[in-house]
>>> print(open('final-v2.pdb').read())   # PDB, C-alpha atoms
ATOM      1  CA  MET A   1     -29.187  -1.744 -11.755
ATOM      2  CA  SER A   2     -26.544   0.816 -12.572
ATOM      3  CA  PHE A   3     -24.987   0.237  -9.137
ATOM      4  CA  LEU A   4     -24.552  -3.468  -9.940
ATOM      5  CA  ARG A   5     -22.951  -2.616 -13.310
ATOM      6  CA  TYR A   6     -20.721  -0.168 -11.435
ATOM      7  CA  LEU A   7     -19.612  -2.906  -9.020
ATOM      8  CA  MET A   8     -18.950  -5.305 -11.896
ATOM      9  CA  LEU A   9     -16.800  -2.784 -13.749
ATOM     10  CA  LEU A  10     -15.063  -1.516 -10.615
ATOM     11  CA  SER A  11     -14.073  -5.024  -9.583
ATOM     12  CA  LEU A  12     -12.550  -5.688 -13.018
ATOM     13  CA  ILE A  13     -10.749  -2.327 -12.981
ATOM     14  CA  VAL A  14      -9.265  -2.977  -9.548
ATOM     15  CA  TRP A  15      -8.141  -6.517 -10.403
ATOM     16  CA  LEU A  16      -6.712  -5.882 -13.855
ATOM     17  CA  GLY A  17      -5.375  -2.449 -12.950
ATOM     18  CA  GLY A  18      -3.538  -4.002 -10.016
ATOM     19  CA  LEU A  19      -2.015  -6.641 -12.286
ATOM     20  CA  VAL A  20      -0.843  -4.011 -14.785
ATOM     21  CA  PHE A  21       0.591  -1.789 -12.044
ATOM     22  CA  PHE A  22       2.348  -4.746 -10.432
ATOM     23  CA  ALA A  23       3.892  -6.055 -13.652
ATOM     24  CA  PHE A  24       4.884  -2.799 -15.305
ATOM     25  CA  VAL A  25       5.551  -0.424 -12.411
ATOM     26  CA  LEU A  26       6.043  -1.994  -8.984
ATOM     27  CA  ALA A  27       8.193  -5.033  -9.750
ATOM     28  CA  PRO A  28      10.547  -3.357 -12.261
ATOM     29  CA  THR A  29      10.915  -0.319  -9.999
ATOM     30  CA  ALA A  30      11.643  -2.439  -6.931
ATOM     31  CA  PHE A  31      14.384  -4.355  -8.734
ATOM     32  CA  SER A  32      15.951  -1.214 -10.186
ATOM     33  CA  VAL A  33      15.782   1.063  -7.124
ATOM     34  CA  LEU A  34      16.257  -1.070  -4.015
ATOM     35  CA  PRO A  35      19.848  -1.811  -2.961
ATOM     36  CA  SER A  36      19.591  -5.601  -3.274
ATOM     37  CA  ARG A  37      17.617  -8.109  -5.304
ATOM     38  CA  HIS A  38      16.794  -9.909  -2.055
ATOM     39  CA  LEU A  39      15.098  -6.805  -0.666
ATOM     40  CA  ALA A  40      13.274  -6.221  -3.959
ATOM     41  CA  GLY A  41      12.095  -9.848  -4.027
ATOM     42  CA  THR A  42      10.787  -9.542  -0.480
ATOM     43  CA  MET A  43       8.876  -6.373  -1.346
ATOM     44  CA  VAL A  44       7.484  -7.821  -4.565
ATOM     45  CA  GLY A  45       6.452 -11.021  -2.780
ATOM     46  CA  ARG A  46       4.505  -9.129  -0.136
ATOM     47  CA  SER A  47       2.899  -6.923  -2.762
ATOM     48  CA  LEU A  48       1.863  -9.985  -4.734
ATOM     49  CA  GLY A  49       0.067 -11.353  -1.681
ATOM     50  CA  THR A  50      -1.894  -8.121  -1.373
ATOM     51  CA  LEU A  51      -2.639  -8.171  -5.097
ATOM     52  CA  HIS A  52      -3.970 -11.716  -4.806
ATOM     53  CA  TRP A  53      -6.356 -10.748  -2.017
ATOM     54  CA  MET A  54      -7.524  -7.772  -4.060
ATOM     55  CA  GLY A  55      -8.188 -10.185  -6.919
ATOM     56  CA  ILE A  56     -10.042 -12.682  -4.761
ATOM     57  CA  ILE A  57     -12.296  -9.992  -3.295
ATOM     58  CA  SER A  58     -12.802  -8.405  -6.731
ATOM     59  CA  GLY A  59     -13.702 -11.765  -8.243
ATOM     60  CA  VAL A  60     -16.295 -12.491  -5.569
ATOM     61  CA  VAL A  61     -17.771  -8.975  -5.926
ATOM     62  CA  PHE A  62     -17.913  -9.387  -9.718
ATOM     63  CA  LEU A  63     -19.612 -12.778  -9.496
ATOM     64  CA  ALA A  64     -22.191 -11.660  -6.943
ATOM     65  CA  SER A  65     -22.962  -8.429  -8.814
ATOM     66  CA  SER A  66     -23.102 -10.063 -12.223
ATOM     67  CA  ILE A  67     -25.316 -12.933 -11.120
ATOM     68  CA  LEU A  68     -27.680 -10.562  -9.313
ATOM     69  CA  TYR A  69     -27.685  -8.197 -12.306
ATOM     70  CA  GLY A  70     -28.606 -11.042 -14.641
ATOM     71  CA  ARG A  71     -31.338 -12.210 -12.305
ATOM     72  CA  LEU A  72     -32.872  -8.747 -12.021
ATOM     73  CA  THR A  73     -32.610  -7.761 -15.698
ATOM     74  CA  ARG A  74     -33.184 -11.052 -17.513
ATOM     75  CA  GLY A  75     -34.988 -13.106 -14.912
ATOM     76  CA  THR A  76     -32.206 -15.719 -14.821
ATOM     77  CA  ALA A  77     -28.903 -15.756 -12.954
ATOM     78  CA  ASN A  78     -27.138 -17.528 -15.855
ATOM     79  CA  VAL A  79     -24.499 -18.901 -13.477
ATOM     80  CA  PHE A  80     -22.685 -20.656 -16.317
ATOM     81  CA  ALA A  81     -22.308 -17.569 -18.510
ATOM     82  CA  ALA A  82     -18.853 -17.411 -20.088
ATOM     83  CA  ARG A  83     -17.812 -14.397 -18.007
ATOM     84  CA  HIS A  84     -18.737 -16.217 -14.789
ATOM     85  CA  VAL A  85     -16.833 -19.335 -15.777
ATOM     86  CA  LEU A  86     -13.776 -17.238 -16.711
ATOM     87  CA  ILE A  87     -13.922 -15.309 -13.421
ATOM     88  CA  CYS A  88     -14.036 -18.641 -11.564
ATOM     89  CA  LEU A  89     -10.993 -19.763 -13.545
ATOM     90  CA  MET A  90      -9.223 -16.483 -12.693
ATOM     91  CA  LEU A  91     -10.068 -16.996  -9.024
ATOM     92  CA  THR A  92      -8.790 -20.570  -9.149
ATOM     93  CA  LEU A  93      -5.496 -19.503 -10.727
ATOM     94  CA  THR A  94      -5.115 -16.676  -8.218
ATOM     95  CA  MET A  95      -5.690 -19.056  -5.312
ATOM     96  CA  ILE A  96      -3.251 -21.588  -6.754
ATOM     97  CA  SER A  97      -0.637 -18.862  -6.821
ATOM     98  CA  GLN A  98      -1.513 -17.445  -3.389
ATOM     99  CA  PHE A  99      -1.865 -20.707  -1.508
ATOM    100  CA  GLY A 100       0.321 -23.057  -3.556
ATOM    101  CA  ILE A 101       3.128 -21.407  -5.496
ATOM    102  CA  ILE A 102       3.966 -18.379  -3.330
ATOM    103  CA  PRO A 103       4.204 -20.271  -0.008
ATOM    104  CA  ARG A 104       6.609 -22.759  -1.614
ATOM    105  CA  MET A 105       8.703 -19.883  -2.984
ATOM    106  CA  ASP A 106       8.706 -18.231   0.457
ATOM    107  CA  THR A 107       9.857 -21.471   2.096
ATOM    108  CA  LEU A 108      12.675 -21.854  -0.409
ATOM    109  CA  ARG A 109      13.676 -18.204  -0.039
ATOM    110  CA  ALA A 110      13.787 -18.600   3.749
ATOM    111  CA  SER A 111      15.939 -21.732   3.584
ATOM    112  CA  ILE A 112      18.272 -20.425   0.887
ATOM    113  CA  GLY A 113      18.680 -16.862   2.103
ATOM    114  CA  GLU A 114      19.733 -14.574  -0.717
ATOM    115  CA  ILE A 115      18.784 -16.302  -3.958
ATOM    116  CA  ASP A 116      21.565 -14.605  -5.929
ATOM    117  CA  SER A 117      24.218 -16.019  -3.578
ATOM    118  CA  VAL A 118      23.250 -19.587  -4.507
ATOM    119  CA  PRO A 119      24.751 -21.115  -7.670
ATOM    120  CA  PRO A 120      22.291 -21.326 -10.580
ATOM    121  CA  ASP A 121      22.622 -25.135 -10.678
ATOM    122  CA  ASN A 122      21.700 -25.581  -6.993
ATOM    123  CA  PRO A 123      18.576 -27.825  -6.764
ATOM    124  CA  MET A 124      16.773 -25.404  -4.451
ATOM    125  CA  ARG A 125      17.594 -22.477  -6.732
ATOM    126  CA  LEU A 126      16.342 -24.448  -9.731
ATOM    127  CA  GLN A 127      13.127 -25.209  -7.878
ATOM    128  CA  PHE A 128      12.713 -21.549  -6.908
ATOM    129  CA  ASP A 129      13.325 -20.407 -10.482
ATOM    130  CA  ALA A 130      10.815 -22.948 -11.813
ATOM    131  CA  LEU A 131       8.197 -21.752  -9.322
ATOM    132  CA  HIS A 132       8.900 -18.163 -10.360
ATOM    133  CA  VAL A 133       8.272 -19.102 -13.998
ATOM    134  CA  TRP A 134       4.976 -20.728 -13.019
ATOM    135  CA  SER A 135       4.008 -17.716 -10.923
ATOM    136  CA  THR A 136       4.580 -15.448 -13.911
ATOM    137  CA  ARG A 137       2.586 -17.742 -16.188
ATOM    138  CA  VAL A 138      -0.316 -17.886 -13.766
ATOM    139  CA  GLU A 139      -0.436 -14.089 -13.375
ATOM    140  CA  SER A 140      -0.270 -13.677 -17.163
ATOM    141  CA  GLY A 141      -3.095 -16.172 -17.555
ATOM    142  CA  VAL A 142      -5.235 -14.318 -15.031
ATOM    143  CA  PHE A 143      -4.609 -11.060 -16.888
ATOM    144  CA  LEU A 144      -5.442 -12.480 -20.316
ATOM    145  CA  LEU A 145      -8.611 -14.134 -19.022
ATOM    146  CA  GLY A 146      -9.503 -10.831 -17.395
ATOM    147  CA  LEU A 147      -9.237  -9.040 -20.723
ATOM    148  CA  VAL A 148     -11.696 -11.537 -22.196
ATOM    149  CA  VAL A 149     -14.054 -10.966 -19.244
ATOM    150  CA  VAL A 150     -13.875  -7.205 -19.831
ATOM    151  CA  TYR A 151     -14.853  -7.738 -23.474
ATOM    152  CA  LEU A 152     -17.694 -10.123 -22.621
ATOM    153  CA  THR A 153     -18.963  -7.811 -19.898
ATOM    154  CA  ALA A 154     -18.852  -4.749 -22.139
ATOM    155  CA  ALA A 155     -20.681  -6.628 -24.886
ATOM    156  CA  SER A 156     -23.449  -7.770 -22.535
ATOM    157  CA  LEU A 157     -24.197  -4.498 -20.707
TER     158      LEU A 157
END
>>> encode(input="final-v2.pdb", output="structure tokens")
Amino acid sequence: MSFLRYLMLLSLIVWLGGLVFFAFVLAPTAFSVLPSRHLAGTMVGRSLGTLHWMGIISGVVFLASSILYGRLTRGTANVFAARHVLICLMLTLTMISQFGIIPRMDTLRASIGEIDSVPPDNPMRLQFDALHVWSTRVESGVFLLGLVVVYLTAASL
């Protein structure tokens, strides 16, 4: 049983820790240290893809461990427990970003070239900026939901 609790907590630590590191260390550092914003954006974009896969794997590990833990300790899997529903929502948001928002941003970046060289009122730049806002909102939503899952998990163990 303690191994399942360990997997549940580890998966949350990896996912939320990655989000914190990305938002507060990697992205700001990339944009302040690298010689161009284009290079920083490329690095951040690739890192975000890796972060998404870490989140997807962590979410699946959490769900499997938590459902099995519930089954073994309480006799019921309780698939619709709040923490499971929130993890599914986090996974959905992560996949929307990974397979919907980010590919569209990458396509725009490839067709525009350096984003900063395009006027702010350019339709493609406006679309890119709007997608960036949505990407940030989605990642923030995943993080906030994750904090709730941590609380619910801690309260139930």
>>> residues_around(input="final-v2.pdb", residues="Gly17 in chain A", least_positions_apart="2", cutoff="12 Å", atoms="all atoms listed in the file", output="VMD selection string")
chain A and resid 9 to 15 19 to 25 51 54 to 55 58 143 146 to 147 150
>>> resolve_selection(input="final-v2.pdb", expression="the PyMOL selection byres ((chain A and resi 44) around 12)", output="VMD selection string")
chain A and resid 21 to 23 25 to 31 34 37 to 43 45 to 51 102 106 132
>>> residues_near_point(input="final-v2.pdb", point="(15.1, -18.4, -1.1)", cutoff="10 Å", atoms="all atoms listed in the file", output="list in words")
His38, Gly41, Thr42, Arg104, Met105, Asp106, Thr107, Leu108, Arg109, Ala110, Ser111, Ile112, Gly113, Glu114, Ile115, Asp116, Ser117, Val118, Met124, Arg125, Gln127, Phe128 and Asp129 of chain A
>>> residues_around(input="final-v2.pdb", residues="range 68-80 of chain A", least_positions_apart="2", cutoff="12 Å", atoms="only C-alpha atoms", output="compact mmCIF listing (two decimals) with C-alpha atoms, in the frame of the given file")
# COMPACT_ATOMS: atom_id res chain seq x y z
CA MET A 1 -29.19 -1.74 -11.76
CA SER A 2 -26.54 0.82 -12.57
CA PHE A 3 -24.99 0.24 -9.14
CA LEU A 4 -24.55 -3.47 -9.94
CA ARG A 5 -22.95 -2.62 -13.31
CA TYR A 6 -20.72 -0.17 -11.44
CA LEU A 7 -19.61 -2.91 -9.02
CA MET A 8 -18.95 -5.30 -11.90
CA VAL A 61 -17.77 -8.98 -5.93
CA PHE A 62 -17.91 -9.39 -9.72
CA LEU A 63 -19.61 -12.78 -9.50
CA ALA A 64 -22.19 -11.66 -6.94
CA SER A 65 -22.96 -8.43 -8.81
CA SER A 66 -23.10 -10.06 -12.22
CA ALA A 82 -18.85 -17.41 -20.09
CA ARG A 83 -17.81 -14.40 -18.01
CA HIS A 84 -18.74 -16.22 -14.79
CA VAL A 85 -16.83 -19.34 -15.78
CA LEU A 86 -13.78 -17.24 -16.71
CA ILE A 87 -13.92 -15.31 -13.42
CA CYS A 88 -14.04 -18.64 -11.56
CA THR A 153 -18.96 -7.81 -19.90
CA SER A 156 -23.45 -7.77 -22.54
CA LEU A 157 -24.20 -4.50 -20.71
>>> residues_around(input="final-v2.pdb", residues="Val138 in chain A", least_positions_apart="3", cutoff="12 Å", atoms="only C-alpha atoms", output="JSON, numbers by chain")
{"A": [19, 52, 89, 90, 91, 92, 93, 94, 95, 96, 97, 98, 100, 101, 102, 131, 132, 133, 134, 135, 141, 142, 143, 144, 145]}
>>> atom_distance(input="final-v2.pdb", atom1="CA of Val148 in chain A", atom2="CA of Trp53 in chain A")
20.9 Å
>>> atom_distance(input="final-v2.pdb", atom1="CA of Val60 in chain A", atom2="CA of Ser140 in chain A")
19.8 Å
>>> atom_distance(input="final-v2.pdb", atom1="CA of Ile56 in chain A", atom2="CA of Thr136 in chain A")
17.5 Å
>>> closest_residue(input="final-v2.pdb", among="A:Pro119, A:Pro35, A:Gly59, A:Pro103", to="Leu16 in chain A", atoms="all atoms listed in the file")
A:Gly59
>>> decode(input="final-v2.pdb", residues="range 92-119 of chain A", atoms="N, CA, C and O atoms", output="short mmCIF file (atom, residue, chain, number, x, y, z; two decimals), in the first residue's frame")
data_model
loop_
_atom_site.label_atom_id
_atom_site.label_comp_id
_atom_site.auth_asym_id
_atom_site.auth_seq_id
_atom_site.Cartn_x
_atom_site.Cartn_y
_atom_site.Cartn_z
N THR A 92 -6.73 16.40 -19.68
CA THR A 92 -7.41 16.96 -20.85
C THR A 92 -6.81 18.31 -21.24
O THR A 92 -6.50 18.55 -22.41
N LEU A 93 -6.61 19.18 -20.25
CA LEU A 93 -6.02 20.49 -20.54
C LEU A 93 -4.60 20.35 -21.08
O LEU A 93 -4.20 21.06 -22.02
N THR A 94 -3.83 19.44 -20.50
CA THR A 94 -2.47 19.22 -20.97
C THR A 94 -2.46 18.73 -22.41
O THR A 94 -1.65 19.19 -23.22
N MET A 95 -3.38 17.83 -22.74
CA MET A 95 -3.43 17.32 -24.12
C MET A 95 -3.94 18.37 -25.09
O MET A 95 -3.49 18.42 -26.24
N ILE A 96 -4.84 19.23 -24.64
CA ILE A 96 -5.29 20.33 -25.50
C ILE A 96 -4.10 21.23 -25.83
O ILE A 96 -3.92 21.64 -26.98
N SER A 97 -3.30 21.51 -24.84
CA SER A 97 -2.12 22.34 -25.08
C SER A 97 -1.12 21.62 -25.99
O SER A 97 -0.65 22.20 -26.97
N GLN A 98 -0.82 20.37 -25.67
CA GLN A 98 0.20 19.62 -26.41
C GLN A 98 -0.19 19.35 -27.85
O GLN A 98 0.64 19.46 -28.75
N PHE A 99 -1.45 18.97 -28.06
CA PHE A 99 -1.85 18.54 -29.39
C PHE A 99 -2.70 19.56 -30.15
O PHE A 99 -3.00 19.36 -31.32
N GLY A 100 -3.09 20.64 -29.49
CA GLY A 100 -3.90 21.66 -30.13
C GLY A 100 -3.21 23.01 -30.20
O GLY A 100 -2.95 23.52 -31.29
N ILE A 101 -2.90 23.58 -29.07
CA ILE A 101 -2.35 24.94 -29.03
C ILE A 101 -0.91 24.99 -29.51
O ILE A 101 -0.58 25.80 -30.40
N ILE A 102 -0.05 24.16 -28.96
CA ILE A 102 1.38 24.22 -29.29
C ILE A 102 1.66 23.95 -30.77
O ILE A 102 2.44 24.69 -31.40
N PRO A 103 1.03 22.94 -31.39
CA PRO A 103 1.29 22.74 -32.83
C PRO A 103 0.89 23.95 -33.67
O PRO A 103 1.57 24.29 -34.65
N ARG A 104 -0.20 24.61 -33.30
CA ARG A 104 -0.61 25.81 -34.05
C ARG A 104 0.40 26.94 -33.85
O ARG A 104 0.70 27.67 -34.80
N MET A 105 0.92 27.08 -32.63
CA MET A 105 1.95 28.09 -32.38
C MET A 105 3.21 27.77 -33.18
O MET A 105 3.83 28.67 -33.76
N ASP A 106 3.59 26.48 -33.21
CA ASP A 106 4.78 26.08 -33.97
C ASP A 106 4.63 26.37 -35.45
O ASP A 106 5.56 26.83 -36.11
N THR A 107 3.44 26.11 -35.99
CA THR A 107 3.18 26.38 -37.41
C THR A 107 3.29 27.87 -37.69
O THR A 107 3.91 28.28 -38.69
N LEU A 108 2.70 28.68 -36.83
CA LEU A 108 2.79 30.13 -37.01
C LEU A 108 4.24 30.61 -36.89
O LEU A 108 4.70 31.44 -37.69
N ARG A 109 4.95 30.09 -35.91
CA ARG A 109 6.35 30.49 -35.71
C ARG A 109 7.18 30.13 -36.95
O ARG A 109 8.02 30.91 -37.38
N ALA A 110 6.91 28.96 -37.53
CA ALA A 110 7.66 28.53 -38.71
C ALA A 110 7.34 29.41 -39.92
O ALA A 110 8.22 29.72 -40.72
N SER A 111 6.09 29.83 -40.05
CA SER A 111 5.74 30.65 -41.22
C SER A 111 6.12 32.12 -41.04
O SER A 111 6.39 32.81 -42.02
N ILE A 112 6.16 32.58 -39.81
CA ILE A 112 6.51 33.97 -39.55
C ILE A 112 8.02 34.17 -39.51
O ILE A 112 8.55 35.18 -39.96
N GLY A 113 8.71 33.20 -38.94
CA GLY A 113 10.14 33.38 -38.66
C GLY A 113 10.28 33.96 -37.27
O GLY A 113 9.64 33.49 -36.34
N GLU A 114 11.07 35.00 -37.14
CA GLU A 114 11.23 35.63 -35.83
C GLU A 114 9.99 36.45 -35.50
O GLU A 114 9.66 37.40 -36.21
N ILE A 115 9.34 36.10 -34.43
CA ILE A 115 8.09 36.75 -34.03
C ILE A 115 8.29 38.25 -33.81
O ILE A 115 7.46 39.06 -34.21
N ASP A 116 9.40 38.61 -33.19
CA ASP A 116 9.65 40.02 -32.87
C ASP A 116 9.88 40.89 -34.10
O ASP A 116 9.78 42.11 -34.02
N SER A 117 10.17 40.26 -35.25
CA SER A 117 10.40 41.05 -36.47
C SER A 117 9.09 41.38 -37.19
O SER A 117 9.09 42.14 -38.15
N VAL A 118 8.00 40.80 -36.71
CA VAL A 118 6.69 41.02 -37.33
C VAL A 118 5.96 42.10 -36.54
O VAL A 118 5.97 42.09 -35.31
N PRO A 119 5.34 43.06 -37.23
CA PRO A 119 4.61 44.12 -36.52
C PRO A 119 3.53 43.54 -35.59
O PRO A 119 2.90 42.53 -35.92
#
